[in-house]
Amino acid sequence: MTQLKPLKPGSIFWLIQTPGPRTYLIIGIASLLVNYLIMSQRGGELGSALIVIVGLPGLLAGWVISPAMFILLSSYLILDPNFQSLTGAFGGNRFRIESGFRGSQTPLFNIEDVILALSGLGFLIAQFRLQSLAYRSVPSEPRIKRKGESDAEDFPRPANLVSDQEIGFLFIVGFGSMIFGQLGWWLLTNLEYQFAIANSILVHRIIGRLLLFIFVLGGAIAISTTIFSYLRWRQMSPEEVNMTLQETVWVETRREQERIHRWRRWLRERKGINRLEGSK
Amino acid sequence: MLTARGWWFLLIVIIQIVVGILFSDRGLGVIAILGLTSLGWFIYEWCFFSLQMRLAIHKIRIRREVRDGKRAVPILWVGKELEVHVDIELDSQIPLPFVIFNDRFPSGADHLAGNNEIATWITNEETIHLKYSIRTNSPGELRFEGVRVQIADRQGFFYHRKFIRDLVTYAVLPPLTDAEGNRRIDKHHNLIPPPGIHRLKSAGGGGDLLDLRDYRPGDPPKMIAWKASARRDRLITKEFESDVPVRCTLFVDQSQSVRLGQPKATMLNQLTMIASGISQAASSDRDMVGLVLFDEHDTSILQPARTSRHQIELLHRLSDAARARPISPQADVNELMKIAVPVATEIYPELMNKQTNRTPFRMFWNPLLDGRWGWFVVLLMLLPMLVFVPGIRRGIQEAAYTISGTPSGGWYTITFLLMLFSPTIVGLFWWLGHGLQTMFAPYYQLRDRRKRLASLFTALDHAPIGNIGLLLEDDHLFGERLQLFLATHHIRYPVDLYDEKGRYLFRSEEKIQTLSRAMHYVIARGRDNELFVIMADLIELDEYLDPLLKSVKVAIGRHHQVMVICPWMPEIPPPSKDFGEEPSEKELRKQMKKEVRRPNQLSGQLLTETMIRYHQAFYRVRRAFAKMGVVLIRADEGEPVRLILNKLDRLRSIRRRR
């Protein structure tokens with residue numbers, strides 16, 4: 001009986017035949033199609049086709065740049081569907097972004113926006129997880145290779161680790177993130193009225209929103225970092241604690257230590273020179 | 001924690017949100033919503049990963065066993081095939097969805113089958129099992145440091161590495177097979193006493209009659225030879241031969257010079273293998289074997305005995321000796337750091353982490369005032385005070401007038417001040433340049449690495465804090481500590497053999513003194529004609545052999561036998577048999593020309609000269625011992641174990657009176 005050669009991770013056949021990656025491939029392609037439909041409905045047939053063109057190689061061939069291009073391109077196409085402003089600018093007109101077709105307000109939980117957000121997120125999750133499965137999942141670190149150790153630098157996540165539970169949980173996380181996005185936006189627009197920053201004469205409304213975003217994000221990062229730092233301290237091993245205390249003392253006495261030992265070195269070198277001269 | 005992929009994603013998402021906010025006034029806030037959705041997902045992954053990192057990874061437990069067949073073994077033997085089993089468990093409710101376990105492979109063993117690395121998930125309900133086979137290749141120690149754990153999220157945004165130190169060391173004893181292979185199988189003469197016994201012609205409690213003598217009061221009546229007494233008409237007593245065991249003492253050199261070379265092929269390895277072979281073969285013949293390990297300063301003595309417990313103890317001592325690595329008194333610190341930093345980062349990641357092991361930026365400022373020329377800067381700074389000397393002030397004023405063209409006014413003042421403070425400005429620039437020089441490559445990296453290693457060594461040694469400063473400034477001490485660190489972790493490192501004046505750093509005359517003292521000690525406690533086997537690297541020490549030769553003379557004077565086994569440097573070809581016992585320089589040159597690959601190039605010529613010098617040194621040492629009738633053989637020549645066993649056999653049959 002002949003044994004089948006294992007498929008190379010990242011190849012088309014591997015993507016199609018291996019259950020885990022296949023699921024992500026389907027999610028990714030479906031997300032791209034939904035994204036295409038929504039974007040074309042917003043009046044950008046050409047642009048939405050371009051998003052599909054950028055996104056597909058990311059899923060099929062592992063283009064690293066694909067997710068970044070997807071995010072930037074889809075953001076731009078919301079501002080300028082079909083590149084009208086851009087082509088106009090090349091034609092000599094002033095580059096100008098028109099207002100959205102729904103007016104100046106962005107309604108919350110608008111079904112179209114919700115589907116767009118979900119499809120975008122679906123593509124990104126599928127793309128990044130496929131990259132991890134097919135190529136590199138952990139960064140390479142400098143280490144001394146020893147005899148008997150594998151030379152593998154790229155360590156992809158094994159495809160058999162993709163479970164049904166993971167896929168099911170992905171949908172929950174996707175919906176949760178979508179709700180986070182909507183509520184985040186609501187919070188951002190609501191808080192500006194609460195604190196009357198946006199209506200202030202001194203601060204422009206947009207700047208007010210930006211400041212709020214920075215404050216909220218910074219605050220959240222500060223709080224979570226504090227919690228995780230506290231957890232880190234609690235989990236410290238005796239060696240780490242010893243090292244932390246040692247470093248504290250060292251930082252305080254560093255200059256004195258260096259000075260003393262520098263002079264000691266000078267004395268030793270001097271003695272060495274004297275000894276050599278004496279031996280002559 | 002955040003990988004490059006994660007950073008890029010976060011950056012682009014934040015750009016998207018900011019763009020969304022900027023155009024939110026025109027009803028295009030959906031861009032920000034898209035960004036916030038992605039950010040929400042990112043934050044979720046971050047929180048989940050942080051929980052794994054902070055709460056779960058510390059609760060990984062490891063259990064390791066080295067099995068010979070189905071049985072776990074505490075001691076290993078060279079050349080044995082063994083299986084390493086590692087069980088990994090997670091004692092936390094938080095699962096790790098993607099984790100890579102890598103059991104750090106020990107040096108001193110060859111990998112045969114299986115994998116020491118696995119990428120998997122782990123929960124508290126299952127045990128991950130790693131299994132691989134190894135074969136030990138040299139005596140010494142097998143050191144299992146622990147398991148490297150790498151966790152990442154499913155997207156590759158976050159990554160964390162931890163090393164779970166679970167240090168287990170196994171003594172690797174020299175092989176047992178040699179003992180069987182080297183057992184005495186050829187019998188030269190028939191009239192030999194039973195194994196473990198040899199005849200000595202002094203009165204004792206043996207079985208064979210030695211002599212008859214007149215009765216002395218106190219002699220036991222059962223010793224009276226009644227027939228002889230009746231014939232001579234006076235009481236005659238029988239005297240019997242004394243049966244004493246053959247004793248052999250092995251003097252094994254474990255000084256720095258024999259530790260040089262590749263781990264499998266050091267001269268120390270040659271010696272320990274021979275010593276182990278002799279001791280096992282001799283004890284299987286019920287002969288007593290003792291061991292003296294010596295280096296430049298110390299001696300460790302194991303009195304001769306023949307029990308199996310003694311045998312195991314002897315093998316343990318040999319195995320301990322074999323694990324020693326060379327420490328050069330002079331080392332290239334920067335080269336060693338290149339090797340030590342990845343090792344330290346791999347094994348002690350939390351102690352090398354910049355959060356714990358800090359290198360503050362101000363540490364890289366190199367203060368000029370601590371340097372030799374610091375006083376000169378102070379002098380330059382103080383030079384403007386000379387303005388109070390009227391003559392100098394007048395000189396500067398005149399120079400300022402000449403340059404500016406006016407005796408007063410703005411230009412004149414500026415020129416005057418510039419001329420006055422020019423030494424200060426020069427001094428300031430000097431101070432600044434000197435201070436900044438260690439803030440750039442390559443000084444920055446070197447200093448950073450050195451500081452972190454110095455802190456690590458201080459923490460590992462539980463040394464006082466001042467040790468960090470000492471290691472930062474003292475190259476000699478730091479070099480030795482680096483070598484010790486690498487040797488402890490069984491990492492190969494370059495060893496400097498010669499100092500800057502071309503002197504060989506590993507020629508130790510002290511070991512001759514130590515060996516000589518040890519020999520005197522053993523001779524003083526020796527019973528009768530014993531065999532002393534000196535296994536030491538004496539080549540190139542012929543000028544310093546006198547104390548040893550005197551000790552050998554004493555041993556011979558006390559009717560002991562002495563043999564010398566000299567290890568041979570593996571890189572140097574052994575003497576050819578085509579040119580007789582002691583070839584001339586011309587013949588040696590002819591032989592080396594065949595051995596060296598490019599004899600006409602400078603490197604080839606140097607190699608040829610080194611080899612010739614080595615051979616000549618060997619012949620000189622051999623001649624010195626031959627003058628006293630002591631045989632000197634090379635460790636790689638013939639079968640030294642068999643030769644020594646034959647010598648023991650001859651000793652067994654020697655009949656001489658003291």
# chains A, B, ... in the order shown; residues from 1 in each chain; ligands from 1
$ residues_around --residues "segment 202-217 of chain A" --least-positions-apart "5" --cutoff "8 Å" --atoms "only C-alpha atoms" --output "PyMOL selection string"
(chain A and resi 188-189+191-192+197) or (chain B and resi 18+21-22+24-25)
$ residues_around --residues "segment 41-57 of chain A" --least-positions-apart "3" --cutoff "6 Å" --atoms "only C-alpha atoms" --output "PyMOL selection string"
chain A and resi 36+38+60-61+63+66+81-82
$ write_last_selection --atoms "C-alpha atoms" --output "PDB file, in the first residue's frame"
ATOM      1  CA  TYR A  36     -18.910  42.853  -1.625  1.00  0.00           C
ATOM      2  CA  ILE A  38     -23.011  45.540   1.067  1.00  0.00           C
ATOM      3  CA  LEU A  60      -5.646  31.464  -0.639  1.00  0.00           C
ATOM      4  CA  ALA A  61      -1.973  32.405  -0.803  1.00  0.00           C
ATOM      5  CA  TRP A  63      -0.629  37.464   1.561  1.00  0.00           C
ATOM      6  CA  SER A  66      -3.935  41.537   2.625  1.00  0.00           C
ATOM      7  CA  PRO A  81     -17.191  54.850  -3.307  1.00  0.00           C
ATOM      8  CA  ASN A  82     -15.924  54.068  -6.797  1.00  0.00           C
TER       9      ASN A  82
END
$ atom_distance --atom1 "atom CA of Leu235 of chain B" --atom2 "atom CA of Arg216 of chain B"
8.6 Å
$ atom_distance --atom1 "atom CA of Val173 of chain A" --atom2 "atom CA of Ser50 of chain B"
16.8 Å
$ residues_around --residues "Arg157 of chain A" --least-positions-apart "4" --cutoff "7 Å" --atoms "only C-alpha atoms" --output "PyMOL selection string"
chain A and resi 132-133+137
$ atom_distance --atom1 "atom CA of Ala152 of chain B" --atom2 "atom CA of Ile172 of chain A"
20.6 Å
$ residues_around --residues "Thr307 of chain B" --least-positions-apart "6" --cutoff "9 Å" --atoms "only C-alpha atoms" --output "MDAnalysis selection string"
chainID B and resid 283 286 288
$ select_by_dssp --residues "segment 56-85 of chain B" --states "helix (DSSP H, G or I)" --output "VMD selection string"
chain B and resid 56 to 59
$ residues_around --residues "segment 385-387 of chain B" --least-positions-apart "2" --cutoff "12 Å" --atoms "only C-alpha atoms" --output "VMD selection string"
chain B and resid 378 to 383 389 to 397 416 to 417 419 to 421 423 to 424
$ residues_around --residues "Val64 of chain A" --least-positions-apart "2" --cutoff "12 Å" --atoms "only C-alpha atoms" --output "PyMOL selection string"
(chain A and resi 54-62+66-70+124+127-132+134-136) or (chain B and resi 4-5+8-9)
$ select_by_dssp --residues "segment 356-543 of chain B" --states "strand (DSSP E)" --output "CSV table (one decimal) with N, CA, C and O atoms, in the first residue's frame"
chain,number,residue,atom,x,y,z
B,531,LEU,N,50.8,-1.8,42.3
B,531,LEU,CA,50.9,-1.2,41.0
B,531,LEU,C,50.3,0.2,41.0
B,531,LEU,O,49.2,0.4,41.4
B,532,PHE,N,51.1,1.2,40.6
B,532,PHE,CA,50.7,2.5,40.5
B,532,PHE,C,50.6,2.9,39.0
B,532,PHE,O,51.6,2.8,38.3
B,533,VAL,N,49.4,3.3,38.6
B,533,VAL,CA,49.2,3.7,37.2
B,533,VAL,C,49.0,5.2,37.2
B,533,VAL,O,48.0,5.7,37.7
B,534,ILE,N,49.9,5.9,36.6
B,534,ILE,CA,49.8,7.4,36.5
B,534,ILE,C,49.2,7.7,35.1
B,534,ILE,O,49.7,7.3,34.1
B,535,MET,N,48.0,8.3,35.2
B,535,MET,CA,47.3,8.6,33.9
B,535,MET,C,47.3,10.1,33.8
B,535,MET,O,46.3,10.7,34.4
$ residues_around --residues "Trp266 of chain A" --least-positions-apart "5" --cutoff "12 Å" --atoms "only C-alpha atoms" --output "list in words"
Arg259, Ile260, His261, Lys271, Gly272 and Ile273 of chain A; Asp370, Gly371, Arg372, Glu473 and Asp474 of chain B
$ write_last_selection --atoms "all heavy atoms" --output "PDB file, in the first residue's frame"
ATOM      1  N   ARG A 259      32.299  53.154  40.293  1.00  0.00           N
ATOM      2  CA  ARG A 259      33.511  53.931  40.571  1.00  0.00           C
ATOM      3  C   ARG A 259      34.531  53.079  41.328  1.00  0.00           C
ATOM      4  O   ARG A 259      35.707  53.036  40.971  1.00  0.00           O
ATOM      5  CB  ARG A 259      33.139  55.181  41.375  1.00  0.00           C
ATOM      6  CG  ARG A 259      34.174  56.281  41.244  1.00  0.00           C
ATOM      7  CD  ARG A 259      33.719  57.556  41.897  1.00  0.00           C
ATOM      8  NE  ARG A 259      32.555  58.135  41.255  1.00  0.00           N
ATOM      9  CZ  ARG A 259      31.414  58.440  41.881  1.00  0.00           C
ATOM     10  NH1 ARG A 259      31.288  58.215  43.157  1.00  0.00           N
ATOM     11  NH2 ARG A 259      30.419  58.978  41.237  1.00  0.00           N
ATOM     12  N   ILE A 260      34.045  52.382  42.337  1.00  0.00           N
ATOM     13  CA  ILE A 260      34.964  51.560  43.156  1.00  0.00           C
ATOM     14  C   ILE A 260      35.650  50.506  42.280  1.00  0.00           C
ATOM     15  O   ILE A 260      36.871  50.350  42.303  1.00  0.00           O
ATOM     16  CB  ILE A 260      34.183  50.867  44.300  1.00  0.00           C
ATOM     17  CG1 ILE A 260      33.720  51.890  45.314  1.00  0.00           C
ATOM     18  CG2 ILE A 260      35.043  49.808  44.988  1.00  0.00           C
ATOM     19  CD1 ILE A 260      32.670  51.374  46.275  1.00  0.00           C
ATOM     20  N   HIS A 261      34.845  49.830  41.476  1.00  0.00           N
ATOM     21  CA  HIS A 261      35.413  48.724  40.697  1.00  0.00           C
ATOM     22  C   HIS A 261      36.271  49.220  39.547  1.00  0.00           C
ATOM     23  O   HIS A 261      37.198  48.522  39.130  1.00  0.00           O
ATOM     24  CB  HIS A 261      34.311  47.787  40.229  1.00  0.00           C
ATOM     25  CG  HIS A 261      33.650  47.080  41.363  1.00  0.00           C
ATOM     26  ND1 HIS A 261      34.345  46.271  42.213  1.00  0.00           N
ATOM     27  CD2 HIS A 261      32.376  47.100  41.813  1.00  0.00           C
ATOM     28  CE1 HIS A 261      33.528  45.814  43.132  1.00  0.00           C
ATOM     29  NE2 HIS A 261      32.333  46.306  42.917  1.00  0.00           N
ATOM     30  N   LYS A 271      49.305  47.083  38.701  1.00  0.00           N
ATOM     31  CA  LYS A 271      50.125  46.031  39.326  1.00  0.00           C
ATOM     32  C   LYS A 271      50.681  45.088  38.262  1.00  0.00           C
ATOM     33  O   LYS A 271      51.831  44.677  38.324  1.00  0.00           O
ATOM     34  CB  LYS A 271      49.279  45.231  40.315  1.00  0.00           C
ATOM     35  CG  LYS A 271      49.243  45.819  41.694  1.00  0.00           C
ATOM     36  CD  LYS A 271      48.500  44.878  42.621  1.00  0.00           C
ATOM     37  CE  LYS A 271      48.462  45.420  44.029  1.00  0.00           C
ATOM     38  NZ  LYS A 271      47.589  44.611  44.872  1.00  0.00           N
ATOM     39  N   GLY A 272      49.823  44.778  37.290  1.00  0.00           N
ATOM     40  CA  GLY A 272      50.239  43.894  36.197  1.00  0.00           C
ATOM     41  C   GLY A 272      51.394  44.493  35.428  1.00  0.00           C
ATOM     42  O   GLY A 272      52.390  43.827  35.131  1.00  0.00           O
ATOM     43  N   ILE A 273      51.280  45.805  35.142  1.00  0.00           N
ATOM     44  CA  ILE A 273      52.350  46.491  34.404  1.00  0.00           C
ATOM     45  C   ILE A 273      53.638  46.459  35.221  1.00  0.00           C
ATOM     46  O   ILE A 273      54.714  46.139  34.736  1.00  0.00           O
ATOM     47  CB  ILE A 273      51.933  47.942  34.066  1.00  0.00           C
ATOM     48  CG1 ILE A 273      50.795  47.922  33.050  1.00  0.00           C
ATOM     49  CG2 ILE A 273      53.112  48.750  33.541  1.00  0.00           C
ATOM     50  CD1 ILE A 273      50.064  49.223  32.919  1.00  0.00           C
TER      51      ILE A 273
ATOM     52  N   ASP B 370      35.280  59.824  35.681  1.00  0.00           N
ATOM     53  CA  ASP B 370      35.750  58.545  36.218  1.00  0.00           C
ATOM     54  C   ASP B 370      36.970  58.043  35.458  1.00  0.00           C
ATOM     55  O   ASP B 370      37.630  57.109  35.888  1.00  0.00           O
ATOM     56  CB  ASP B 370      34.638  57.486  36.108  1.00  0.00           C
ATOM     57  CG  ASP B 370      33.567  57.715  37.144  1.00  0.00           C
ATOM     58  OD1 ASP B 370      33.744  58.634  37.959  1.00  0.00           O
ATOM     59  OD2 ASP B 370      32.552  56.990  37.121  1.00  0.00           O
ATOM     60  N   GLY B 371      37.224  58.655  34.308  1.00  0.00           N
ATOM     61  CA  GLY B 371      38.323  58.191  33.466  1.00  0.00           C
ATOM     62  C   GLY B 371      39.647  58.808  33.879  1.00  0.00           C
ATOM     63  O   GLY B 371      39.713  59.669  34.766  1.00  0.00           O
ATOM     64  N   ARG B 372      40.671  58.355  33.196  1.00  0.00           N
ATOM     65  CA  ARG B 372      42.021  58.789  33.546  1.00  0.00           C
ATOM     66  C   ARG B 372      42.247  60.272  33.234  1.00  0.00           C
ATOM     67  O   ARG B 372      42.984  60.950  33.911  1.00  0.00           O
ATOM     68  CB  ARG B 372      43.016  57.914  32.779  1.00  0.00           C
ATOM     69  CG  ARG B 372      44.383  57.894  33.364  1.00  0.00           C
ATOM     70  CD  ARG B 372      45.219  56.867  32.672  1.00  0.00           C
ATOM     71  NE  ARG B 372      44.786  55.505  32.995  1.00  0.00           N
ATOM     72  CZ  ARG B 372      45.264  54.424  32.411  1.00  0.00           C
ATOM     73  NH1 ARG B 372      46.157  54.528  31.472  1.00  0.00           N
ATOM     74  NH2 ARG B 372      44.844  53.227  32.749  1.00  0.00           N
ATOM     75  N   GLU B 473      32.976  45.466  35.624  1.00  0.00           N
ATOM     76  CA  GLU B 473      34.272  46.119  35.413  1.00  0.00           C
ATOM     77  C   GLU B 473      35.427  45.133  35.253  1.00  0.00           C
ATOM     78  O   GLU B 473      36.408  45.464  34.603  1.00  0.00           O
ATOM     79  CB  GLU B 473      34.580  47.067  36.581  1.00  0.00           C
ATOM     80  CG  GLU B 473      33.634  48.244  36.693  1.00  0.00           C
ATOM     81  CD  GLU B 473      33.662  49.140  35.464  1.00  0.00           C
ATOM     82  OE1 GLU B 473      34.725  49.268  34.841  1.00  0.00           O
ATOM     83  OE2 GLU B 473      32.607  49.708  35.126  1.00  0.00           O
ATOM     84  N   ASP B 474      35.299  43.966  35.859  1.00  0.00           N
ATOM     85  CA  ASP B 474      36.424  43.035  35.889  1.00  0.00           C
ATOM     86  C   ASP B 474      36.281  41.981  34.781  1.00  0.00           C
ATOM     87  O   ASP B 474      35.503  41.027  34.905  1.00  0.00           O
ATOM     88  CB  ASP B 474      36.473  42.357  37.265  1.00  0.00           C
ATOM     89  CG  ASP B 474      37.779  41.625  37.488  1.00  0.00           C
ATOM     90  OD1 ASP B 474      38.331  41.105  36.500  1.00  0.00           O
ATOM     91  OD2 ASP B 474      38.242  41.564  38.635  1.00  0.00           O
TER      92      ASP B 474
END
$ closest_residue --among "A:Leu25, A:Ala30, A:Ile221, A:Ala117" --to "chain B" --atoms "only C-alpha atoms"
A:Ala117
$ closest_residue --among "A:Trp263, A:Ser229, A:Glu247, A:Glu256" --to "Leu51 of chain B" --atoms "only C-alpha atoms"
A:Ser229
$ closest_residue --among "A:Ser40, A:Ser11, A:Ser74, A:Gln17" --to "chain B" --atoms "only C-alpha atoms"
A:Ser74
$ closest_residue --among "A:Pro238, A:Gly168, A:Gly28, A:Gly176" --to "Phe123 of chain A" --atoms "only C-alpha atoms"
A:Gly28
